[in-house]
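Engineer: Below is the file target.txt, with compact mmCIF, C-alpha atoms and all ligand atoms.
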```txt
# COMPACT_ATOMS: atom_id res chain seq x y z
CA MET A 1 27.84 -15.87 24.81
CA ASP A 2 26.82 -19.15 26.37
CA THR A 3 29.46 -21.76 26.87
CA PHE A 4 29.10 -25.49 26.82
CA GLY A 5 30.18 -25.44 30.45
CA ARG A 6 26.89 -23.73 31.00
CA TYR A 7 25.20 -26.26 28.79
CA LEU A 8 26.48 -29.01 31.01
CA GLN A 9 26.19 -27.42 34.39
CA ASP A 10 23.35 -24.96 34.56
CA LEU A 11 20.23 -26.23 36.18
CA PRO A 12 17.33 -25.29 33.96
CA ASP A 13 14.07 -23.84 35.12
CA CYS A 14 12.39 -27.10 34.18
CA ARG A 15 14.23 -28.93 36.96
CA GLU A 16 11.82 -27.40 39.39
CA GLY A 17 8.95 -27.47 36.93
CA LYS A 18 8.78 -23.69 36.79
CA GLU A 19 7.20 -21.95 33.89
CA ASN A 20 9.83 -20.50 31.65
CA ASP A 21 9.32 -16.77 31.60
CA GLY A 22 12.96 -15.91 31.09
CA GLY A 23 12.79 -14.42 27.64
CA VAL A 24 13.36 -17.63 25.72
CA SER A 25 12.68 -17.14 22.06
CA VAL A 26 10.85 -20.29 21.14
CA THR A 27 11.55 -21.74 17.74
CA THR A 28 8.43 -23.07 16.09
CA ALA A 29 10.06 -24.37 12.93
CA ALA A 30 13.11 -25.99 14.43
CA TRP A 31 14.39 -27.40 11.19
CA PRO A 32 15.73 -26.36 8.77
CA GLY A 33 17.03 -23.00 9.80
CA ARG A 34 17.88 -21.78 13.20
CA THR A 35 18.89 -25.08 14.75
CA ARG A 36 21.22 -26.03 11.94
CA SER A 37 22.76 -22.55 11.76
CA ALA A 38 23.31 -22.60 15.51
CA TYR A 39 25.16 -25.93 15.34
CA VAL A 40 27.14 -24.88 12.26
CA ALA A 41 28.35 -21.81 14.14
CA ARG A 42 29.52 -23.81 17.13
CA ALA A 43 30.44 -27.14 15.59
CA ALA A 44 34.20 -26.92 16.32
CA GLU A 45 33.56 -25.87 19.91
CA TYR A 46 30.98 -28.61 20.35
CA ILE A 47 33.30 -31.29 18.98
CA SER A 48 36.12 -30.16 21.23
CA LEU A 49 34.03 -30.09 24.41
CA LEU A 50 31.52 -32.86 23.81
CA GLY A 51 32.91 -34.97 21.00
CA SER A 52 34.34 -38.02 22.71
CA VAL A 53 32.87 -40.82 24.80
CA GLY A 54 35.42 -40.05 27.53
CA GLN A 55 33.69 -36.70 28.03
CA MET A 56 30.32 -38.37 28.49
CA ASN A 57 28.72 -39.82 31.60
CA PRO A 58 29.97 -43.42 31.99
CA LEU A 59 26.41 -44.46 32.86
CA ASP A 60 25.37 -43.45 29.35
CA ALA A 61 28.13 -45.56 27.85
CA CYS A 62 26.86 -48.51 29.91
CA LEU A 63 23.30 -48.01 28.72
CA LEU A 64 24.24 -47.54 25.07
CA GLY A 65 26.61 -50.49 25.23
CA GLU A 66 24.05 -52.84 26.76
CA TRP A 67 21.40 -51.67 24.31
CA SER A 68 23.73 -52.21 21.36
CA ASP A 69 24.26 -55.81 22.47
CA THR A 70 20.55 -56.49 21.90
CA LEU A 71 20.55 -55.29 18.29
CA VAL A 72 20.27 -57.43 15.20
CA GLY A 73 21.32 -55.69 12.01
CA PRO A 74 22.83 -52.27 11.38
CA VAL A 75 22.25 -49.35 13.70
CA LEU A 76 21.53 -45.74 12.78
CA ASP A 77 22.79 -42.92 14.98
CA ALA A 78 20.17 -40.35 14.05
CA GLY A 79 21.54 -36.88 14.70
CA SER A 80 25.05 -38.19 15.29
CA GLY A 81 26.66 -34.78 15.88
CA PRO A 82 30.42 -35.29 16.44
CA GLY A 83 29.99 -39.04 15.81
CA HIS A 84 31.54 -40.37 19.00
CA TRP A 85 28.49 -42.45 19.91
CA THR A 86 28.28 -43.82 16.38
CA ASP A 87 31.86 -44.96 16.62
CA PHE A 88 31.22 -46.34 20.09
CA LEU A 89 28.45 -48.53 18.63
CA ARG A 90 30.87 -49.69 15.93
CA SER A 91 33.45 -50.51 18.61
CA ARG A 92 30.79 -52.71 20.27
CA GLY A 93 30.50 -54.77 17.10
CA CYS A 94 27.61 -53.02 15.36
CA VAL A 95 27.53 -51.94 11.77
CA ALA A 96 26.94 -48.32 12.67
CA HIS A 97 25.92 -45.41 10.49
CA GLY A 98 25.64 -41.77 11.51
CA VAL A 99 23.44 -39.12 9.95
CA ASP A 100 23.37 -35.45 10.79
CA ALA A 101 22.33 -32.29 8.99
CA VAL A 102 25.44 -30.34 9.94
CA PRO A 103 28.13 -30.92 7.30
CA GLN A 104 30.89 -29.80 9.68
CA PHE A 105 29.94 -32.59 12.09
CA VAL A 106 29.85 -35.18 9.33
CA GLU A 107 33.18 -34.08 7.87
CA SER A 108 34.88 -34.15 11.27
CA ALA A 109 33.35 -37.51 12.18
CA ARG A 110 34.60 -39.05 8.95
CA GLU A 111 38.11 -37.80 9.75
CA ARG A 112 38.12 -38.76 13.41
CA PHE A 113 36.32 -42.10 13.03
CA PRO A 114 37.35 -43.45 9.62
CA LEU A 115 36.02 -46.95 10.35
CA THR A 116 32.47 -45.65 10.79
CA SER A 117 30.23 -44.24 8.07
CA PHE A 118 28.51 -40.88 8.24
CA GLU A 119 26.37 -38.82 5.94
CA VAL A 120 24.50 -35.56 5.82
CA GLY A 121 20.74 -35.92 6.09
CA ASP A 122 17.57 -34.69 7.73
CA LEU A 123 15.91 -36.66 10.52
CA LEU A 124 12.54 -35.53 9.22
CA GLU A 125 13.25 -37.13 5.85
CA LEU A 126 15.81 -39.83 6.41
CA PRO A 127 17.72 -40.86 3.29
CA PHE A 128 17.16 -44.60 3.89
CA VAL A 129 14.74 -47.24 2.68
CA ASP A 130 12.09 -48.68 5.01
CA ALA A 131 13.19 -51.24 7.63
CA ARG A 132 16.88 -50.63 6.92
CA PHE A 133 18.08 -50.66 10.57
CA GLY A 134 17.84 -53.05 13.48
CA GLY A 135 18.25 -50.12 15.84
CA VAL A 136 17.95 -46.35 15.88
CA LEU A 137 19.77 -44.25 18.43
CA ALA A 138 18.36 -40.73 18.83
CA TRP A 139 20.60 -39.41 21.56
CA TYR A 140 19.59 -35.84 22.35
CA SER A 141 18.99 -35.32 18.66
CA VAL A 142 15.36 -34.21 18.77
CA ILE A 143 15.81 -31.91 21.77
CA HIS A 144 15.38 -28.83 19.61
CA MET A 145 12.09 -30.04 18.18
CA ASN A 146 8.87 -29.29 19.98
CA PRO A 147 6.73 -32.39 20.69
CA GLU A 148 4.79 -31.97 17.44
CA GLU A 149 7.98 -31.90 15.39
CA SER A 150 9.54 -34.76 17.29
CA ALA A 151 6.47 -36.88 16.45
CA SER A 152 7.43 -36.48 12.78
CA ALA A 153 11.00 -37.55 13.53
CA LEU A 154 9.71 -40.58 15.46
CA ALA A 155 7.59 -41.57 12.48
CA GLU A 156 10.76 -41.56 10.39
CA PHE A 157 12.63 -43.61 13.02
CA ALA A 158 9.81 -46.16 12.94
CA ARG A 159 9.84 -46.27 9.16
CA VAL A 160 13.55 -47.11 8.90
CA THR A 161 13.46 -49.65 11.76
CA THR A 162 12.89 -53.37 11.18
CA ASP A 163 9.74 -54.90 12.65
CA ASP A 164 11.57 -56.19 15.71
CA GLY A 165 14.10 -53.35 15.78
CA HIS A 166 14.93 -51.17 18.75
CA LEU A 167 14.98 -47.48 19.57
CA LEU A 168 17.00 -45.66 22.20
CA MET A 169 16.28 -42.00 22.83
CA GLY A 170 17.97 -39.54 25.15
CA ALA A 171 16.37 -36.25 26.19
CA PHE A 172 16.20 -33.57 28.84
CA LEU A 173 13.75 -34.54 31.55
CA GLY A 174 11.15 -32.01 32.64
CA PRO A 175 7.63 -30.82 32.03
CA ASP A 176 6.64 -32.11 28.63
CA GLY A 177 7.33 -29.67 25.81
CA HIS A 178 8.71 -27.04 28.17
CA PRO A 179 11.15 -24.80 26.22
CA PHE A 180 14.37 -23.60 27.75
CA ASP A 181 17.39 -21.61 26.73
CA HIS A 182 19.89 -24.31 25.74
CA ALA A 183 23.43 -23.14 25.00
CA VAL A 184 23.05 -23.80 21.27
CA THR A 185 19.43 -22.86 20.70
CA THR A 186 16.02 -23.38 22.27
CA ALA A 187 15.47 -26.94 23.47
CA TYR A 188 12.45 -28.71 24.92
CA CYS A 189 12.13 -30.89 28.00
CA ARG A 190 10.28 -34.18 27.79
CA SER A 191 8.43 -35.92 30.56
CA GLU A 192 8.68 -39.66 31.01
CA GLN A 193 4.97 -40.01 30.27
CA GLY A 194 4.96 -37.57 27.37
CA LEU A 195 7.85 -39.15 25.52
CA THR A 196 6.65 -42.67 26.27
CA THR A 197 3.20 -41.90 24.87
CA GLN A 198 4.70 -40.38 21.75
CA ILE A 199 7.09 -43.25 21.16
CA GLU A 200 4.21 -45.72 21.55
CA ALA A 201 2.07 -43.69 19.15
CA ALA A 202 4.86 -43.93 16.57
CA GLY A 203 4.62 -47.74 16.58
CA PHE A 204 7.06 -48.79 19.29
CA HIS A 205 6.51 -50.55 22.58
CA VAL A 206 8.44 -48.93 25.42
CA LEU A 207 10.57 -51.46 27.29
CA SER A 208 12.24 -49.26 29.87
CA THR A 209 12.80 -45.68 30.93
CA HIS A 210 15.83 -44.36 32.77
CA THR A 211 16.08 -41.05 34.60
CA ARG A 212 18.97 -39.34 36.32
CA THR A 213 19.26 -36.12 38.25
CA SER A 214 22.35 -34.50 39.73
CA ARG A 215 23.47 -31.07 40.84
CA GLU A 216 25.87 -30.68 37.91
CA HIS A 217 23.74 -31.65 34.94
CA ARG A 218 20.31 -31.12 33.63
CA PRO A 219 17.87 -33.92 34.49
CA HIS A 220 18.17 -36.74 32.01
CA LEU A 221 15.71 -39.18 30.46
CA ALA A 222 16.43 -42.20 28.28
CA VAL A 223 13.81 -44.47 26.76
CA ILE A 224 14.34 -47.89 25.21
CA ALA A 225 11.62 -49.26 22.94
CA ARG A 226 11.00 -52.06 20.47
CA LYS A 227 9.05 -51.70 17.23
CA ARG A 228 5.62 -53.27 17.49
CA PRO A 229 4.88 -55.93 14.91
CA PRO A 230 2.35 -54.78 12.29
CA GLY A 231 -1.22 -55.03 13.57
CA GLN A 232 -0.27 -55.15 17.23
CA LYS A 233 -2.11 -52.42 19.09
CA VAL A 234 -0.78 -50.11 21.79
CA THR A 235 -1.45 -51.79 25.15
C1 LIG B 301 22.48 -32.04 21.07
S1 LIG B 301 23.20 -32.58 19.57
C2 LIG B 301 23.41 -34.32 19.91
C3 LIG B 301 24.47 -34.94 19.03
C4 LIG B 301 24.82 -36.37 19.39
N1 LIG B 301 23.68 -37.27 19.26
C5 LIG B 301 25.39 -36.43 20.79
O1 LIG B 301 24.81 -37.08 21.66
O2 LIG B 301 26.43 -35.80 21.01
C6 LIG B 301 21.81 -32.59 18.44
C7 LIG B 301 22.22 -33.03 17.06
O3 LIG B 301 21.05 -33.31 16.29
C8 LIG B 301 21.24 -32.80 14.99
N2 LIG B 301 19.92 -32.54 14.42
C9 LIG B 301 18.91 -31.88 14.99
N3 LIG B 301 17.85 -31.85 14.17
C10 LIG B 301 18.20 -32.53 13.05
C11 LIG B 301 17.54 -32.86 11.85
N4 LIG B 301 16.27 -32.49 11.60
N5 LIG B 301 18.21 -33.57 10.93
C12 LIG B 301 19.48 -33.97 11.16
N6 LIG B 301 20.17 -33.68 12.28
C13 LIG B 301 19.53 -32.97 13.22
C14 LIG B 301 22.07 -31.56 15.19
O4 LIG B 301 22.73 -31.17 14.01
C15 LIG B 301 23.03 -32.01 16.28
O5 LIG B 301 24.16 -32.61 15.75
```
Can you give me the file's structure in the form of structure tokens?
Structural biologist:
Amino acid sequence: MDTFGRYLQDLPDCREGKENDGGVSVTTAAWPGRTRSAYVARAAEYISLLGSVGQMNPLDACLLGEWSDTLVGPVLDAGSGPGHWTDFLRSRGCVAHGVDAVPQFVESARERFPLTSFEVGDLLELPFVDARFGGVLAWYSVIHMNPEESASALAEFARVTTDDGHLLMGAFLGPDGHPFDHAVTTAYCRSEQGLTTQIEAAGFHVLSTHTRTSREHRPHLAVIARKRPPGQKVT
């Protein structure tokens, strides 16, 4: 069985841009089903190994913290998992709300972070009215969706974001749409260009991209974007 140590430390094929021919069983309908079951099965382990900000890269805390300072209005942590980033945003002064489809994550987050609100929901059909949030954080939460599926999630993020609201996404960096054998279930790399193009197509304007590579962790990509006012075209 994979461990999260492997999740953190293995260098994936996509680091070198190799084609994945390693027997990965690619999920075509990432949600609902296999992805949720996979997280349900390993929720306790995930929370214990990856459920606090102290276990995260401090550079990510810097980026999320600085981003949160720019927000006006409540922020949604879309795919909040253990809820540590949601609570981090609350600790920075945001009204933060987490949503995740795994009830075990939501239940644990409510217990561990009682000052922050969490609910069960699907990123592909968010249980919120239009323009409800000044910011949406999607931190590694669409990694199990292929690019076509993540376009649907992005459309939902755009729908619930205010006209001048902001988006921050985190993803595995690599050849766009390249599947690999993630410790939980199949995940997909995103290229800087591929994710940027998709975020722009969803109605955002990309403000900055951030990449990081190291020997210990899979290559990382973060993208910050602002919702384009209605009628403004992609430049
Ligand atoms: C890699 S984890 C990231 C969790 C958290 N954002 C973090 O950084 O620790 C991916 C999360 O996205 C959630 N997720 C994936 N697809 C989802 C969907 N369609 N609806 C709701 N949650 C989803 C999973 O349940 C899981 O908690």
Engineer: Let me have all residues with an atom within 7 Å of ligand LIG 301 (chain B), counting all atoms listed in the file, laid out as a PyMOL selection string.
Structural biologist: chain A and resi 31-32+35-36+39+50-51+78-83+85+99-102+105+121-124+138-144
Engineer: Ranking A:Ser37, A:Ser108, A:Thr70, A:Ser48 by minimum distance to Thr185 of chain A and counting all atoms listed in the file, which one comes first?
Structural biologist: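 Among the listed residues, the smallest separation from Thr185 of chain A belongs to A:Ser37.
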Engineer: Need the neighbours of (15.2, -57.3, 15.6): which residues are at most 10 Å away, counting all atoms listed in the file, as a list in words?
Structural biologist: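 In the file's frame, the residues around the point are Thr70, Leu71, Val72, Gly73, Phe133, Gly134, Gly135, Thr161, Thr162, Asp163, Asp164, Gly165, His166, Arg226 and Lys227 of chain A.
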Engineer: Take the selection from the previous step and output its residues with C-alpha atoms, as a JSON list (two decimals), in the frame of the given file.
Structural biologist:
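File written: selection.json
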```json
[["chain", "number", "residue", "atom", "x", "y", "z"],
["A", 70, "THR", "CA", 20.55, -56.49, 21.90],
["A", 71, "LEU", "CA", 20.55, -55.29, 18.29],
["A", 72, "VAL", "CA", 20.27, -57.43, 15.20],
["A", 73, "GLY", "CA", 21.32, -55.69, 12.01],
["A", 133, "PHE", "CA", 18.08, -50.66, 10.57],
["A", 134, "GLY", "CA", 17.84, -53.05, 13.48],
["A", 135, "GLY", "CA", 18.25, -50.12, 15.84],
["A", 161, "THR", "CA", 13.46, -49.65, 11.76],
["A", 162, "THR", "CA", 12.89, -53.37, 11.18],
["A", 163, "ASP", "CA", 9.74, -54.90, 12.65],
["A", 164, "ASP", "CA", 11.57, -56.19, 15.71],
["A", 165, "GLY", "CA", 14.10, -53.35, 15.78],
["A", 166, "HIS", "CA", 14.93, -51.17, 18.75],
["A", 226, "ARG", "CA", 11.00, -52.06, 20.47],
["A", 227, "LYS", "CA", 9.05, -51.70, 17.23]]
```
Engineer: Here is a test: counting all atoms listed in the file, which residue of A:Gln198, A:Glu125, A:Val160, A:Arg190 is nearest to Val75 of chain A?
Structural biologist: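 Distance minimum relative to Val75 of chain A lands on A:Val160.
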Engineer: Kindly give the distance, in Å, that separates atom CA of Met169 of chain A and atom CA of Val223 of chain A, rounded to a single decimal.
Structural biologist: 5.3 Å
Engineer: Check the smallest atom-to-atom distance from each of A:Ala201, A:Leu49, A:Arg218, A:Cys62 to Leu154 of chain A using only C-alpha atoms, then report the winner.
Structural biologist: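 For Leu154 of chain A, the nearest of the candidates is A:Ala201.
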Engineer: As an exercise, work out the distance from atom CA of Leu126 of chain A to atom CA of Ala222 of chain A in Å and give it to one decimal place.
Structural biologist: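 So the two atoms, atom CA of Leu126 of chain A and atom CA of Ala222 of chain A, lie 22.0 Å apart.
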Engineer: Which one of A:Val206, A:Leu173, A:Leu137, A:Ala153 sits closest to Pro219 of chain A if you count all atoms listed in the file?
Structural biologist: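 Among A:Val206, A:Leu173, A:Leu137, A:Ala153, it is A:Leu173 that comes nearest to Pro219 of chain A.
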Engineer: Under the rule that only C-alpha atoms are counted, which of A:Trp67, A:Tyr46, A:Phe157, A:Tyr188 is the nearest residue to Leu207 of chain A?
Structural biologist: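 Comparing A:Trp67, A:Tyr46, A:Phe157, A:Tyr188 against Leu207 of chain A, the winner is A:Trp67.
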Engineer: Could you please determine the separation between atom CA of Thr209 of chain A and atom CA of Arg92 of chain A in Å, to one decimal place?
Structural biologist: 22.1 Å
Engineer: Taking all atoms of segment 133-151 of chain A that appear in the file, build a box with edges along x, y and z, extend it by 4 Å on every side, and state its centre and edge lengths in Å to one decimal, as lines of an AutoDock Vina configuration file.
Structural biologist:
```
center_x = 12.7
center_y = -40.9
center_z = 16.5
size_x = 23.8
size_y = 32.2
size_z = 19.8
```
